[in-house]
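Text of query-v1.csv (CSV, C-alpha atoms and all ligand atoms) as supplied:
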chain,number,residue,atom,x,y,z
T,1,MET,CA,0.7,7.2,4.3
T,2,ARG,CA,2.8,4.2,3.2
T,3,LEU,CA,5.4,4.3,0.5
T,4,LEU,CA,3.3,2.2,-1.8
T,5,THR,CA,0.8,5.1,-1.8
T,6,HIS,CA,3.7,7.6,-2.3
T,7,ASN,CA,4.8,5.6,-5.3
T,8,MET,CA,1.6,6.3,-7.3
T,9,LEU,CA,1.0,9.9,-6.4
T,10,SER,CA,1.9,12.6,-8.8
T,11,CYS,CA,1.6,16.3,-8.4
T,12,ASN,CA,-1.9,17.2,-9.6
T,13,ILE,CA,-1.5,20.9,-10.3
T,14,LYS,CA,-2.8,21.9,-13.7
T,15,GLY,CA,-0.1,22.2,-16.2
T,16,VAL,CA,2.6,20.4,-14.3
T,17,ALA,CA,4.3,17.9,-16.7
T,18,ASN,CA,6.9,16.2,-14.5
T,19,GLY,CA,5.1,15.9,-11.1
T,20,PHE,CA,6.5,12.5,-10.2
T,21,PRO,CA,7.9,11.5,-7.9
T,22,LEU,CA,6.9,13.9,-5.2
T,23,ARG,CA,9.9,14.5,-2.9
T,24,LEU,CA,9.1,13.1,0.5
T,25,GLU,CA,10.0,15.3,3.5
T,26,ALA,CA,9.3,13.1,6.5
T,27,GLU,CA,9.3,14.6,10.0
T,28,LYS,CA,7.7,11.7,11.8
T,29,TRP,CA,7.0,8.1,10.8
T,30,VAL,CA,6.2,4.9,12.5
T,31,GLU,CA,6.9,1.3,11.6
T,32,LYS,CA,4.3,-1.5,12.0
T,33,GLU,CA,4.9,-5.1,11.2
T,34,VAL,CA,2.8,-6.7,8.5
T,35,GLU,CA,2.8,-10.3,7.4
T,36,LEU,CA,4.9,-10.7,4.2
T,37,ASN,CA,3.0,-11.8,1.2
T,38,ALA,CA,5.4,-12.9,-1.5
T,39,ASP,CA,2.8,-13.3,-4.2
T,40,PHE,CA,1.7,-9.8,-3.6
T,41,LEU,CA,5.2,-8.5,-3.9
T,42,ARG,CA,5.7,-10.3,-7.2
T,43,HIS,CA,2.4,-8.9,-8.4
T,44,ILE,CA,3.2,-5.3,-7.5
T,45,PHE,CA,6.9,-5.3,-8.4
T,46,PRO,CA,6.5,-4.5,-12.1
T,47,LYS,CA,4.2,-1.6,-11.3
T,48,ILE,CA,6.6,0.1,-8.8
T,49,GLU,CA,8.9,2.9,-9.9
T,50,TRP,CA,12.0,1.7,-8.1
T,51,LYS,CA,14.0,4.9,-7.9
T,52,ALA,CA,11.1,6.7,-6.3
T,53,LEU,CA,10.6,3.9,-3.8
T,54,ALA,CA,14.3,3.8,-2.9
T,55,GLY,CA,14.4,7.6,-2.6
T,56,ALA,CA,11.3,7.8,-0.3
T,57,ALA,CA,12.7,5.0,1.8
T,58,ARG,CA,15.9,7.0,2.3
T,59,ALA,CA,13.8,9.9,3.4
T,60,VAL,CA,12.6,7.9,6.3
T,61,GLY,CA,16.1,6.6,7.1
T,62,TYR,CA,15.8,3.2,5.4
T,63,CYS,CA,18.8,2.7,3.2
T,64,GLU,CA,18.6,-1.1,2.6
T,65,LEU,CA,17.1,-1.0,-0.8
T,66,PRO,CA,19.4,-1.4,-3.8
T,67,GLU,CA,19.6,1.6,-6.3
T,68,GLU,CA,18.3,-0.6,-9.1
T,69,ALA,CA,16.2,-3.7,-9.0
T,70,ASP,CA,15.1,-6.3,-11.5
T,71,ALA,CA,12.6,-9.1,-11.4
T,72,ALA,CA,15.3,-11.7,-10.9
T,73,MET,CA,15.9,-10.3,-7.4
T,74,LEU,CA,12.4,-11.5,-6.4
T,75,ASP,CA,13.9,-15.0,-5.8
T,76,SER,CA,15.9,-13.7,-2.9
T,77,GLU,CA,14.2,-13.9,0.5
T,78,ASP,CA,16.4,-11.1,1.7
T,79,PHE,CA,15.3,-8.8,-1.1
T,80,LEU,CA,11.7,-9.6,-0.6
T,81,ARG,CA,11.9,-8.7,3.1
T,82,ARG,CA,13.5,-5.3,2.4
T,83,PHE,CA,11.0,-4.6,-0.4
T,84,HIS,CA,8.1,-5.6,1.8
T,85,HIS,CA,9.4,-3.4,4.7
T,86,ALA,CA,9.9,-0.3,2.6
T,87,LEU,CA,6.6,-0.7,0.7
T,88,LEU,CA,4.2,-1.6,3.5
T,89,GLU,CA,5.6,-1.3,7.0
T,90,ILE,CA,6.6,2.4,7.1
T,91,HIS,CA,3.9,5.0,7.8
T,92,VAL,CA,4.7,8.6,7.3
T,93,GLU,CA,2.7,10.5,10.0
T,94,GLU,CA,3.9,14.1,9.6
T,95,GLY,CA,5.8,15.9,6.8
T,96,ALA,CA,5.2,17.0,3.3
T,97,LEU,CA,5.2,15.9,-0.4
T,98,VAL,CA,7.0,18.4,-2.6
T,99,CYS,CA,6.3,18.8,-6.3
T,100,PRO,CA,9.6,18.4,-8.2
T,101,GLU,CA,8.6,20.9,-10.8
T,102,THR,CA,7.0,23.8,-8.9
T,103,GLY,CA,8.3,23.2,-5.4
T,104,ARG,CA,4.7,23.3,-4.0
T,105,GLY,CA,4.4,21.4,-0.8
T,106,PHE,CA,1.5,19.2,0.1
T,107,PRO,CA,1.4,18.7,3.9
T,108,ILE,CA,1.0,15.4,5.5
T,109,THR,CA,-0.9,15.6,8.8
T,110,LYS,CA,-1.8,12.7,11.0
T,111,GLY,CA,-0.7,10.4,8.2
T,112,ILE,CA,-3.0,12.0,5.6
T,113,PRO,CA,-1.6,14.0,2.7
T,114,ASN,CA,-3.6,17.1,1.8
T,115,MET,CA,-3.7,17.1,-2.0
T,116,LEU,CA,-6.4,19.7,-2.3
T,117,LEU,CA,-5.6,22.3,-4.8
T,118,HIS,CA,-5.9,26.1,-4.5
T,119,GLU,CA,-8.2,27.8,-7.0
T,120,ASP,CA,-5.3,29.0,-9.2
T,121,GLU,CA,-4.0,25.5,-9.5
T,122,VAL,CA,-6.9,23.7,-11.0
V,1,MET,CA,-14.9,-14.3,7.1
V,2,LYS,CA,-18.7,-15.0,6.8
V,3,LEU,CA,-21.0,-12.5,5.2
V,4,LYS,CA,-23.0,-12.1,8.4
V,5,GLN,CA,-19.9,-11.4,10.4
V,6,LEU,CA,-18.7,-8.8,7.9
V,7,GLU,CA,-22.1,-7.1,8.0
V,8,GLY,CA,-22.1,-7.1,11.8
V,9,LEU,CA,-18.7,-5.5,11.9
V,10,LEU,CA,-19.6,-2.8,9.4
V,11,GLY,CA,-22.7,-2.1,11.5
V,12,THR,CA,-20.5,-0.9,14.3
V,13,LEU,CA,-18.7,1.8,12.3
V,14,GLN,CA,-19.2,5.5,13.2
V,15,GLN,CA,-20.9,7.4,10.3
V,16,PHE,CA,-21.2,11.1,9.2
V,17,SER,CA,-22.0,13.2,12.3
V,18,HIS,CA,-22.9,16.3,10.3
V,19,PRO,CA,-23.5,15.2,6.7
V,20,LYS,CA,-22.8,17.8,4.1
V,21,VAL,CA,-25.7,17.8,1.7
V,22,GLU,CA,-23.7,19.4,-1.2
V,23,LEU,CA,-21.2,16.4,-1.0
V,24,GLU,CA,-24.0,13.9,-1.0
V,25,GLN,CA,-22.8,12.4,2.3
V,26,TYR,CA,-24.8,9.3,3.3
V,27,PRO,CA,-23.3,6.0,4.2
V,28,THR,CA,-23.6,2.7,2.4
V,29,GLY,CA,-25.5,0.6,4.9
V,30,PRO,CA,-23.9,-2.6,6.3
V,31,HIS,CA,-26.2,-4.8,4.3
V,32,ILE,CA,-25.3,-3.4,0.9
V,33,ALA,CA,-21.6,-2.7,1.7
V,34,SER,CA,-21.1,-6.3,3.0
V,35,ARG,CA,-22.7,-7.8,-0.1
V,36,LEU,CA,-20.7,-5.6,-2.5
V,37,LEU,CA,-17.4,-6.6,-1.0
V,38,TYR,CA,-18.3,-10.2,-0.4
V,39,THR,CA,-19.3,-10.6,-4.1
V,40,ALA,CA,-16.1,-8.8,-5.2
V,41,GLU,CA,-14.0,-11.2,-3.2
V,42,ASN,CA,-15.8,-14.5,-3.4
V,43,THR,CA,-17.1,-14.4,-6.9
V,44,PHE,CA,-14.3,-12.4,-8.6
V,45,GLY,CA,-11.3,-12.5,-6.4
V,46,ASP,CA,-10.8,-8.8,-6.7
V,47,ILE,CA,-10.0,-7.9,-3.0
V,48,SER,CA,-7.7,-10.2,-1.1
V,49,GLY,CA,-4.0,-9.6,-1.8
V,50,LYS,CA,-4.9,-6.6,-3.9
V,51,VAL,CA,-4.4,-2.8,-3.9
V,52,VAL,CA,-7.9,-1.4,-3.4
V,53,ALA,CA,-8.9,2.3,-3.6
V,54,ASP,CA,-12.1,3.6,-2.1
V,55,PHE,CA,-13.3,6.7,-4.0
V,56,GLY,CA,-15.3,9.2,-1.8
V,57,CYS,CA,-14.6,6.9,1.1
V,58,GLY,CA,-16.6,9.0,3.6
V,59,CYS,CA,-16.3,7.3,7.0
V,60,GLY,CA,-14.5,4.4,5.4
V,61,THR,CA,-17.1,1.6,5.2
V,62,LEU,CA,-16.1,0.2,1.8
V,63,GLY,CA,-12.4,0.5,2.3
V,64,LEU,CA,-12.5,-1.0,5.8
V,65,ALA,CA,-14.6,-3.9,4.5
V,66,SER,CA,-11.9,-4.5,1.8
V,67,ALA,CA,-9.3,-4.6,4.5
V,68,LEU,CA,-11.3,-7.0,6.5
V,69,LEU,CA,-11.5,-9.3,3.5
V,70,GLY,CA,-7.7,-9.3,3.1
V,71,ALA,CA,-6.8,-6.4,0.8
V,72,GLU,CA,-3.1,-5.9,1.0
V,73,GLN,CA,-3.3,-2.1,0.8
V,74,VAL,CA,-6.4,0.1,0.9
V,75,ILE,CA,-6.4,3.8,0.0
V,76,GLY,CA,-9.4,5.9,0.8
V,77,ILE,CA,-9.9,9.3,-0.9
V,78,ASP,CA,-12.3,12.0,0.2
V,79,ILE,CA,-12.7,15.7,-0.3
V,80,ASP,CA,-14.0,16.2,3.2
V,81,PRO,CA,-11.5,16.3,6.1
V,82,GLN,CA,-14.1,15.6,8.8
V,83,SER,CA,-15.1,12.4,7.1
V,84,LEU,CA,-11.5,11.3,6.8
V,85,GLU,CA,-11.1,11.9,10.5
V,86,ILE,CA,-14.0,9.7,11.4
V,87,ALA,CA,-12.7,7.1,8.9
V,88,SER,CA,-9.3,7.1,10.6
V,89,ILE,CA,-10.9,6.6,14.0
V,90,ASN,CA,-12.9,3.7,12.5
V,91,ALA,CA,-9.8,2.1,11.1
V,92,ALA,CA,-8.0,2.5,14.5
V,93,ASP,CA,-10.9,1.0,16.3
V,94,MET,CA,-10.8,-2.1,14.1
V,95,GLU,CA,-7.0,-2.2,14.2
V,96,LEU,CA,-6.8,-1.9,10.4
V,97,ASP,CA,-4.1,0.1,8.7
V,98,ILE,CA,-5.4,1.9,5.7
V,99,ASP,CA,-4.1,5.0,3.9
V,100,PHE,CA,-6.1,8.1,3.3
V,101,ILE,CA,-5.7,11.0,0.9
V,102,TRP,CA,-7.5,14.3,1.3
V,103,CYS,CA,-8.3,15.1,-2.4
V,104,ASP,CA,-10.9,15.8,-4.9
V,105,VAL,CA,-11.3,12.5,-6.8
V,106,ASN,CA,-11.6,14.4,-10.1
V,107,LYS,CA,-8.3,16.1,-9.5
V,108,LEU,CA,-6.4,13.0,-8.7
V,109,ARG,CA,-3.3,12.2,-10.7
V,110,TRP,CA,-2.1,8.7,-10.1
V,111,ARG,CA,0.1,6.5,-12.0
V,112,ASP,CA,-2.3,4.1,-13.8
V,113,ASP,CA,-2.7,0.5,-12.9
V,114,VAL,CA,-0.9,0.4,-9.5
V,115,VAL,CA,-4.4,0.1,-8.0
V,116,ASP,CA,-6.1,-3.2,-8.8
V,117,THR,CA,-9.7,-2.5,-7.8
V,118,VAL,CA,-11.8,0.6,-7.0
V,119,VAL,CA,-14.8,0.3,-4.8
V,120,MET,CA,-17.1,3.3,-4.5
V,121,ASN,CA,-20.5,4.7,-3.8
V,122,PRO,CA,-20.2,7.9,-5.7
V,123,PRO,CA,-22.4,11.0,-5.3
V,124,PHE,CA,-25.3,10.2,-7.5
V,125,GLY,CA,-25.0,13.5,-9.2
V,126,THR,CA,-28.2,15.0,-7.7
V,127,ARG,CA,-26.3,18.0,-6.4
V,128,LYS,CA,-23.6,18.3,-8.9
V,129,LYS,CA,-24.7,16.9,-12.2
V,130,GLY,CA,-22.5,14.3,-13.7
V,131,SER,CA,-20.3,13.7,-10.6
V,132,ASP,CA,-21.1,9.9,-10.7
V,133,MET,CA,-19.7,9.7,-14.2
V,134,GLU,CA,-16.7,11.7,-13.3
V,135,PHE,CA,-15.9,9.3,-10.5
V,136,LEU,CA,-16.5,6.3,-12.8
V,137,ALA,CA,-14.2,7.7,-15.5
V,138,LYS,CA,-11.4,8.3,-13.0
V,139,ALA,CA,-11.9,4.9,-11.4
V,140,LEU,CA,-11.7,3.1,-14.8
V,141,LYS,CA,-8.5,5.0,-15.5
V,142,VAL,CA,-6.6,4.0,-12.4
V,143,ALA,CA,-7.9,0.5,-11.8
V,144,SER,CA,-6.2,-2.4,-13.6
V,145,GLN,CA,-8.7,-5.1,-12.7
V,146,ALA,CA,-12.2,-4.0,-11.7
V,147,VAL,CA,-14.5,-1.2,-10.5
V,148,TYR,CA,-17.4,-1.8,-8.2
V,149,SER,CA,-19.9,1.0,-8.0
V,150,LEU,CA,-23.5,1.9,-7.1
V,151,HIS,CA,-25.7,3.9,-9.5
V,152,LYS,CA,-29.4,4.8,-9.6
V,153,THR,CA,-31.4,2.2,-11.5
V,154,THR,CA,-33.2,4.9,-13.4
V,155,THR,CA,-29.8,5.8,-15.1
V,156,ARG,CA,-29.0,2.2,-16.1
V,157,ASP,CA,-28.9,2.5,-19.9
V,158,TYR,CA,-27.0,5.7,-19.7
V,159,ILE,CA,-24.4,4.3,-17.4
V,160,LYS,CA,-23.8,1.3,-19.6
V,161,ARG,CA,-23.5,3.3,-22.8
V,162,THR,CA,-21.3,6.0,-21.3
V,163,ALA,CA,-19.0,3.6,-19.5
V,164,ILE,CA,-18.3,1.6,-22.6
V,165,ARG,CA,-18.2,4.5,-25.1
V,166,ASP,CA,-16.4,7.2,-23.0
V,167,CYS,CA,-14.9,5.7,-19.9
V,168,ASN,CA,-12.5,2.9,-21.0
V,169,ALA,CA,-14.8,0.1,-19.8
V,170,ARG,CA,-14.4,-3.2,-21.6
V,171,SER,CA,-17.5,-4.6,-19.9
V,172,ALA,CA,-20.2,-3.2,-17.6
V,173,ASP,CA,-22.4,-5.7,-15.8
V,174,ILE,CA,-25.1,-5.4,-13.2
V,175,LEU,CA,-24.6,-7.8,-10.3
V,176,CYS,CA,-27.8,-7.0,-8.5
V,177,GLU,CA,-30.5,-4.4,-7.9
V,178,LEU,CA,-30.8,-3.1,-4.4
V,179,ARG,CA,-32.9,-0.7,-2.4
V,180,PHE,CA,-30.9,2.2,-0.9
V,181,ASP,CA,-32.0,4.3,2.0
V,182,VAL,CA,-31.2,7.9,1.4
V,183,PRO,CA,-32.0,10.3,4.2
V,184,GLN,CA,-35.0,12.7,3.7
V,185,ILE,CA,-32.7,15.7,3.0
V,186,TYR,CA,-31.6,14.1,-0.3
V,187,LYS,CA,-35.1,13.7,-1.6
V,188,PHE,CA,-34.6,13.1,-5.3
V,189,HIS,CA,-37.7,14.7,-6.9
V,190,LYS,CA,-39.4,16.6,-4.1
V,191,LYS,CA,-41.4,13.4,-3.4
V,192,LYS,CA,-41.1,11.4,-0.2
V,193,GLU,CA,-38.8,9.0,-2.0
V,194,VAL,CA,-36.3,8.0,0.6
V,195,ASN,CA,-35.7,4.4,-0.6
V,196,ILE,CA,-34.4,4.4,-4.1
V,197,ALA,CA,-33.4,1.5,-6.4
V,198,VAL,CA,-29.7,1.3,-7.2
V,199,ASP,CA,-27.7,-1.2,-9.2
V,200,LEU,CA,-24.5,-2.7,-8.1
V,201,TRP,CA,-22.2,-2.7,-11.1
V,202,ARG,CA,-18.9,-4.3,-11.9
V,203,PHE,CA,-16.9,-2.7,-14.6
V,204,VAL,CA,-13.7,-4.0,-16.2
V,205,PRO,CA,-11.3,-1.6,-17.7
V,206,TYR,CA,-9.3,-2.0,-20.8
V,207,PRO,CA,-5.6,-2.6,-20.0
V,208,THR,CA,-3.3,0.3,-20.7
V,209,GLN,CA,-0.1,-0.3,-22.6
V,210,GLU,CA,2.4,-0.4,-19.7
V,211,SER,CA,0.7,-3.0,-17.7
V,212,ALA,CA,2.3,-6.1,-19.1
V,213,ASP,CA,1.7,-7.8,-15.7
V,214,SER,CA,-0.9,-10.5,-15.6
I,301,LIG,C1,-22.6,8.7,-1.0
I,301,LIG,S1,-21.2,9.1,0.0
I,301,LIG,C2,-20.4,7.5,0.3
I,301,LIG,C3,-19.6,7.4,1.5
I,301,LIG,C4,-18.8,6.1,1.7
I,301,LIG,N1,-18.0,5.7,0.6
I,301,LIG,C5,-19.8,5.0,2.1
I,301,LIG,O1,-20.0,4.1,1.2
I,301,LIG,O2,-20.4,5.0,3.1
I,301,LIG,C6,-20.2,10.0,-1.1
I,301,LIG,C7,-18.8,10.5,-0.5
I,301,LIG,O3,-18.1,11.1,-1.6
I,301,LIG,C8,-17.4,12.3,-1.1
I,301,LIG,N2,-17.2,13.2,-2.2
I,301,LIG,C9,-18.1,13.9,-2.9
I,301,LIG,N3,-17.6,14.6,-3.9
I,301,LIG,C10,-16.2,14.3,-3.9
I,301,LIG,C11,-15.1,14.6,-4.7
I,301,LIG,N4,-15.2,15.4,-5.7
I,301,LIG,N5,-13.9,14.1,-4.4
I,301,LIG,C12,-13.8,13.2,-3.3
I,301,LIG,N6,-14.8,12.9,-2.5
I,301,LIG,C13,-16.0,13.4,-2.8
I,301,LIG,C14,-18.4,12.8,0.0
I,301,LIG,O4,-17.7,13.6,0.9
I,301,LIG,C15,-18.9,11.5,0.6
I,301,LIG,O5,-18.1,11.0,1.6
Rewrite the coordinates I just gave you, this time as structure tokens.
Amino acid sequence: MRLLTHNMLSCNIKGVANGFPLRLEAEKWVEKEVELNADFLRHIFPKIEWKALAGAARAVGYCELPEEADAAMLDSEDFLRRFHHALLEIHVEEGALVCPETGRGFPITKGIPNMLLHEDEV
Amino acid sequence: MKLKQLEGLLGTLQQFSHPKVELEQYPTGPHIASRLLYTAENTFGDISGKVVADFGCGCGTLGLASALLGAEQVIGIDIDPQSLEIASINAADMELDIDFIWCDVNKLRWRDDVVDTVVMNPPFGTRKKGSDMEFLAKALKVASQAVYSLHKTTTRDYIKRTAIRDCNARSADILCELRFDVPQIYKFHKKKEVNIAVDLWRFVPYPTQESADS
């Protein structure tokens, strides 16, 4: 699971109102280089919840993202590189996503988060 | 990439080893899958450089085809872990990185509009009535650009009406009619009907408020 995916996932338990962002508990992750596509980064930037991305990146030991970001930063090569790295080059392999409201953990195994709900959660 | 080349690559993918009837697990063949994605990319520009979700991804055919055509990020969702395992192996074999989520599509809660395009071959609803429309409603909610989907031709009018009236579709167009091979176990009306007519649809969602982006 990449952090772009993390950035759109919300806790899906019935009745949970503030299920975003899921807290990332990463035990194992890998980094894989991907070609940087500046047009894509500009396209996706307004859709990203920046605080959630920066927090998830910290959970995998990447602390190079600013606390806040605005569209003007997209003119900086350096910013684009960091944004690209955090969003697309880090793959969480093992760990969990934890609902901020209920504390329920969704395990990530072999890179795949298990978001199936128990019967009393639907 | 040429259409024939895409079709050839999709033909090498591993498919369901023990299909689960109740989940309507049958693969989209390489012929249909390659045409679906090729049209989405070459006619509409909905794939390359986009975030693409594959709903009910099974062994990953549609998602992997999207990645082959240059999708920036692909997310495959399925309720069945065995299928996701095969899909992961297929992705690794092709050296493509795509994300998977083990989830019931109907229980998904995603922030709207991060996904540009949804591609899917939903359960036709022969086992669980209405599951194709549940998939479609969800897809039109999360996609900001387009949804590509296959539905039985016999349900054509119903699909169009429901998509526009109830599912947030601004437009619903049939791109072509195809013949779909469904294994004998999925016989639709007790007849020997194994080759059914399906429509390839392109739906465009209404934008939601937040997406001020182009
Ligand atoms: C007709 S198959 C299509 C498989 C694959 N997308 C393809 O084109 O080859 C439908 C898929 O939807 C999955 N499925 C069925 N119900 C589901 C649900 N509620 N949530 C997620 N996936 C589901 C099945 O496991 C199966 O893989």
Return as a ChimeraX atom specification the residues belonging to chain T that are within 9 Å of chain V, counting all atoms listed in the file.
/T:1-2,4-5,7-13,20,37,39-40,43-44,46-48,88,91,111-117,122
Counting only C-alpha atoms, write as an NGL selection string all protein and nucleic acid residues lying at most 9 Å from (-10.2, 1.3, -8.4) in the file's frame.
:V and (51-55 or 113 or 115-120 or 138-148)
Polymer residues at most 12 Å from Lys51 (chain T), only C-alpha atoms, same-chain spacing of 4 or more positions, as number ranges by chain:
T: 7, 20-23, 55-58, 65-70
Within 8 Å of ligand LIG 301 (chain I), which residues of chain V show up? Give each one with its shortest atom-to-atom distance in Å (one decimal) and the two atoms involved, counting all atoms listed in the file, rows by chain then rising residue number, as JSON lines.
{"residue": "V:Gln15", "atom": "CA", "partner": "I:LIG301", "partner_atom": "O2", "distance": 7.6}
{"residue": "V:Lys20", "atom": "CA", "partner": "I:LIG301", "partner_atom": "O4", "distance": 7.3}
{"residue": "V:Leu23", "atom": "CA", "partner": "I:LIG301", "partner_atom": "C9", "distance": 4.4}
{"residue": "V:Glu24", "atom": "CA", "partner": "I:LIG301", "partner_atom": "C1", "distance": 5.4}
{"residue": "V:Gln25", "atom": "CA", "partner": "I:LIG301", "partner_atom": "S1", "distance": 4.3}
{"residue": "V:Tyr26", "atom": "CA", "partner": "I:LIG301", "partner_atom": "C1", "distance": 4.9}
{"residue": "V:Pro27", "atom": "CA", "partner": "I:LIG301", "partner_atom": "O2", "distance": 3.3}
{"residue": "V:Thr28", "atom": "CA", "partner": "I:LIG301", "partner_atom": "O2", "distance": 4.0}
{"residue": "V:Gly29", "atom": "CA", "partner": "I:LIG301", "partner_atom": "O2", "distance": 7.0}
{"residue": "V:Ala33", "atom": "CA", "partner": "I:LIG301", "partner_atom": "O1", "distance": 7.0}
{"residue": "V:Asp54", "atom": "CA", "partner": "I:LIG301", "partner_atom": "N1", "distance": 6.8}
{"residue": "V:Phe55", "atom": "CA", "partner": "I:LIG301", "partner_atom": "N6", "distance": 6.6}
{"residue": "V:Gly56", "atom": "CA", "partner": "I:LIG301", "partner_atom": "O3", "distance": 3.4}
{"residue": "V:Cys57", "atom": "CA", "partner": "I:LIG301", "partner_atom": "N1", "distance": 3.6}
{"residue": "V:Gly58", "atom": "CA", "partner": "I:LIG301", "partner_atom": "O5", "distance": 3.2}
{"residue": "V:Cys59", "atom": "CA", "partner": "I:LIG301", "partner_atom": "C4", "distance": 6.0}
{"residue": "V:Gly60", "atom": "CA", "partner": "I:LIG301", "partner_atom": "C4", "distance": 5.9}
{"residue": "V:Thr61", "atom": "CA", "partner": "I:LIG301", "partner_atom": "O2", "distance": 5.2}
{"residue": "V:Leu62", "atom": "CA", "partner": "I:LIG301", "partner_atom": "O1", "distance": 5.5}
{"residue": "V:Gly63", "atom": "CA", "partner": "I:LIG301", "partner_atom": "N1", "distance": 7.8}
{"residue": "V:Ile77", "atom": "CA", "partner": "I:LIG301", "partner_atom": "C12", "distance": 6.0}
{"residue": "V:Asp78", "atom": "CA", "partner": "I:LIG301", "partner_atom": "N6", "distance": 3.8}
{"residue": "V:Ile79", "atom": "CA", "partner": "I:LIG301", "partner_atom": "C12", "distance": 4.1}
{"residue": "V:Asp80", "atom": "CA", "partner": "I:LIG301", "partner_atom": "O4", "distance": 5.1}
{"residue": "V:Ser83", "atom": "CA", "partner": "I:LIG301", "partner_atom": "O5", "distance": 6.4}
{"residue": "V:Trp102", "atom": "CA", "partner": "I:LIG301", "partner_atom": "C12", "distance": 7.9}
{"residue": "V:Cys103", "atom": "CA", "partner": "I:LIG301", "partner_atom": "C12", "distance": 5.9}
{"residue": "V:Asp104", "atom": "CA", "partner": "I:LIG301", "partner_atom": "N5", "distance": 3.5}
{"residue": "V:Val105", "atom": "CA", "partner": "I:LIG301", "partner_atom": "N5", "distance": 3.9}
{"residue": "V:Asn106", "atom": "CA", "partner": "I:LIG301", "partner_atom": "N4", "distance": 5.8}
{"residue": "V:Lys107", "atom": "CA", "partner": "I:LIG301", "partner_atom": "N5", "distance": 7.8}
{"residue": "V:Met120", "atom": "CA", "partner": "I:LIG301", "partner_atom": "N1", "distance": 5.7}
{"residue": "V:Asn121", "atom": "CA", "partner": "I:LIG301", "partner_atom": "C2", "distance": 5.0}
{"residue": "V:Pro122", "atom": "CA", "partner": "I:LIG301", "partner_atom": "C6", "distance": 5.1}
{"residue": "V:Pro123", "atom": "CA", "partner": "I:LIG301", "partner_atom": "C6", "distance": 4.8}
{"residue": "V:Phe124", "atom": "CA", "partner": "I:LIG301", "partner_atom": "C1", "distance": 7.2}
{"residue": "V:Ser131", "atom": "CA", "partner": "I:LIG301", "partner_atom": "N4", "distance": 7.3}
{"residue": "V:Phe135", "atom": "CA", "partner": "I:LIG301", "partner_atom": "N4", "distance": 7.8}
Long-range neighbours of Trp29 (chain T) as a PDB file with C-alpha atoms, in the frame of the given file, 9 Å cut-off, all atoms listed in the file, 5 positions minimum in chain:
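This went into part.pdb:
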ATOM      1  CA  VAL T  60      12.600   7.900   6.300  1.00  0.00           C
ATOM      2  CA  ILE T  90       6.600   2.400   7.100  1.00  0.00           C
ATOM      3  CA  HIS T  91       3.900   5.000   7.800  1.00  0.00           C
ATOM      4  CA  VAL T  92       4.700   8.600   7.300  1.00  0.00           C
ATOM      5  CA  GLU T  93       2.700  10.500  10.000  1.00  0.00           C
ATOM      6  CA  GLU T  94       3.900  14.100   9.600  1.00  0.00           C
ATOM      7  CA  GLY T  95       5.800  15.900   6.800  1.00  0.00           C
ATOM      8  CA  GLY T 111      -0.700  10.400   8.200  1.00  0.00           C
TER       9      GLY T 111
END
When you count only C-alpha atoms, which of these residues is closest to Val34 (chain T): T:Leu87, T:Ile108, T:Leu74, T:Cys99?
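The answer is T:Leu87, which sits nearest to Val34 (chain T).
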Long-range neighbours of region 5-12 of chain V as a PDB file with C-alpha atoms, in the frame of the given file, 7 Å cut-off, all atoms listed in the file, 4 positions minimum in chain:
ATOM      1  CA  MET V   1     -14.900 -14.300   7.100  1.00  0.00           C
ATOM      2  CA  PRO V  30     -23.900  -2.600   6.300  1.00  0.00           C
ATOM      3  CA  HIS V  31     -26.200  -4.800   4.300  1.00  0.00           C
ATOM      4  CA  SER V  34     -21.100  -6.300   3.000  1.00  0.00           C
ATOM      5  CA  THR V  61     -17.100   1.600   5.200  1.00  0.00           C
TER       6      THR V  61
END
Per-axis box centre and lengths in Å around region 31-44 of chain T, 3 Å margin per side, axis-aligned, as lines of an AutoDock Vina configuration file:
center_x = 4.3
center_y = -6.0
center_z = 1.8
size_x = 11.2
size_y = 20.6
size_z = 26.4
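Candidate residues T:Glu35, T:Leu41, T:Phe83, T:Gly61 were compared for distance to Gly70 (chain V), and the nearest is T:Glu35, using all atoms listed in the file.
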My list of candidates is V:Ile89, V:Lys2, V:Lys160, V:Thr39. Which is closest to Leu64 (chain V) when distances are computed with all atoms listed in the file?
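So, comparing all the options, the nearest one is V:Ile89.
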Nearest to Ala54 (chain T) by atom-to-atom distance, counting all atoms listed in the file, from T:Val16, T:Ala26, T:Ala38, T:Ala86:
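Selected residue with least distance to Ala54 (chain T): T:Ala86.
Atom to atom, CA of Asn90 (chain V) and CA of Thr109 (chain T) stand 17.3 Å apart.
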